[in-house]
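Asks: Can you keep this structure in mind? I'll have questions shortly.
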Amino acid sequence: MHGYANPTRFLKIARPATAWLFGIGLLLLVAGAWGGLTMTPPDYLQGDTVRILYIHVPAAWLGMAGWASIAAASISQLVWRHPLAAVAGRAIAPAGATFAALCLATGSIWGRPTWGTWWEWDGRLTSMLILFFLYLGYIALASAERERGGDGRMAALFGVVGAINLPIIHYSVLWWRTLHQGQSISIAQGSSIAPELLWPLPLTMLGFTALFAAVALMRMRAELARQKVEARLRRSMAE
């Protein structure tokens, strides 16, 4: 990891990787969405509303994966003092917050015809809402530290502590009685989703994941460019 601590070395990889990830992600997303909307049959119970899973499931995955990435970057900053860790955390947070919000919105839309309500304060929905608020708190704290010239340690500590919510989200359907269905896909038990409905889901998941990574890299590159400009301004003012 420290081999890429040099921003110049990192940017040599990040520039082409951003374009590749964006292109591949867009192709996979379009293919998955087209298949899910036009080539899969309606569910025998939920009808066409089941098609929202091709957005809802990737959004839930990336909402959680985004915070896991922030936690990993925070640990890297606190333990190994990786110079790009704070930049990575700040770049990932808005994308993660967006997918957490998308997960909540699509879940609410899906829940209305399925459960008969837009919202229920059960374990899964409540813990996911908490994750969204954690994202907002992290963004505000990281922005405040940056404006004050801090090193980002407080935001990093917040990122590590906030990771406690991830296992709560994952196991909430097992720990509490809930309207939210249990885990549909697992390594041990396979999938409870019919194969004719399942096949577009990996495409949209991979597509959204690639776009998420592309956005994070673009934000990291923009942050490094901003830091470079600020450094030049400070040098010119000191002369």
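We name chains A, B, ... following the order of the structure tokens; residues begin at 1 in each chain, and ligands are numbered from 1 as shown.
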So which residues touch A:Ile130 within 12 Å, counting only C-alpha atoms, skipping near sequence neighbours fewer than 4 positions away, as a PyMOL selection string?

Replies: chain A and resi 63-64+67+97+100-101+104+121+123-126+134-137+162-166+168-169

Asks: Which of stretch 135-224 of chain A counts as strand (DSSP E) under DSSP, as an NGL selection string please?

Replies: :A and (185-186 or 190-191)

Asks: Nearest to A:Leu28: which of A:Gln181, A:Ser69, A:Gln227, A:Thr209 is it, counting only C-alpha atoms?

Replies: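 Nearest candidate to A:Leu28 out of A:Gln181, A:Ser69, A:Gln227, A:Thr209: A:Thr209.
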
Asks: Please provide the set of residues having any atom within 12 Å of stretch 50-53 of chain A, restricted to only C-alpha atoms, with same-chain residues fewer than 2 positions apart removed, written as a ChimeraX atom specification.

Replies: /A:32-48,55-61,102-103,105-111,113-114,184,193-194,196-202,204-205

Asks: Report as a PDB file with C-alpha atoms, in the first residue's frame all protein, DNA and RNA residues lying within 10 Å of A:Ala155, evaluated on only C-alpha atoms, omitting residues in the same chain fewer than 3 positions from it.

Replies:
```pdb
ATOM      1  CA  ILE A  70     -13.877   4.299   5.047  1.00  0.00           C
ATOM      2  CA  SER A  74      -9.235   5.233   8.692  1.00  0.00           C
ATOM      3  CA  ALA A  86      -7.709  10.660   4.608  1.00  0.00           C
ATOM      4  CA  GLY A  89     -12.078   8.481   3.152  1.00  0.00           C
ATOM      5  CA  ARG A  90     -13.315  11.918   2.115  1.00  0.00           C
ATOM      6  CA  GLY A 137     -21.668  13.135  10.222  1.00  0.00           C
ATOM      7  CA  TYR A 138     -18.416  11.879   8.705  1.00  0.00           C
ATOM      8  CA  ILE A 139     -18.679  14.268   5.750  1.00  0.00           C
ATOM      9  CA  ALA A 140     -19.315  17.229   8.068  1.00  0.00           C
ATOM     10  CA  LEU A 141     -16.511  16.283  10.464  1.00  0.00           C
ATOM     11  CA  ALA A 142     -13.963  15.623   7.721  1.00  0.00           C
ATOM     12  CA  SER A 143     -14.856  18.923   6.026  1.00  0.00           C
ATOM     13  CA  ALA A 144     -14.519  20.848   9.285  1.00  0.00           C
ATOM     14  CA  GLU A 145     -11.141  19.274  10.051  1.00  0.00           C
ATOM     15  CA  ARG A 146      -9.856  20.036   6.568  1.00  0.00           C
ATOM     16  CA  GLY A 150      -6.303  19.311  10.897  1.00  0.00           C
ATOM     17  CA  ASP A 151      -4.806  15.944  10.049  1.00  0.00           C
ATOM     18  CA  GLY A 152      -8.166  14.156   9.893  1.00  0.00           C
ATOM     19  CA  PHE A 158     -15.317   8.330  13.709  1.00  0.00           C
ATOM     20  CA  GLY A 159     -14.914   6.093  10.661  1.00  0.00           C
ATOM     21  CA  VAL A 160     -13.610   3.208  12.763  1.00  0.00           C
ATOM     22  CA  VAL A 161     -16.248   3.535  15.503  1.00  0.00           C
TER      23      VAL A 161
END
```

Asks: Counting only C-alpha atoms, figure out which residue out of A:Ala17, A:Met154, A:Ala95, A:Leu62 gets nearest to A:Met128.

Replies: A:Leu62

Asks: Quick one: distance from atom CA of A:Ala85 to atom CA of A:Arg226 in Å, one decimal?

Replies: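 Atom-to-atom, atom CA of A:Ala85 to atom CA of A:Arg226, that is 16.0 Å.
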
Asks: Could you check the closest approach to A:Val87 for each of A:Leu174, A:Ala210, A:Ala156, A:Leu203 and tell me which residue wins, using only C-alpha atoms?

Replies: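 Checking each of A:Leu174, A:Ala210, A:Ala156, A:Leu203 against A:Val87, counting only C-alpha atoms, the winner is A:Ala156.
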
Asks: For each of A:Ile24, A:Ser236, A:Pro7, A:Gln77, take the minimum atom-to-atom distance to A:Ala213, counting only C-alpha atoms, then give the residue where this is smallest.

Replies: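 Comparing A:Ile24, A:Ser236, A:Pro7, A:Gln77 against A:Ala213, the winner is A:Ile24.
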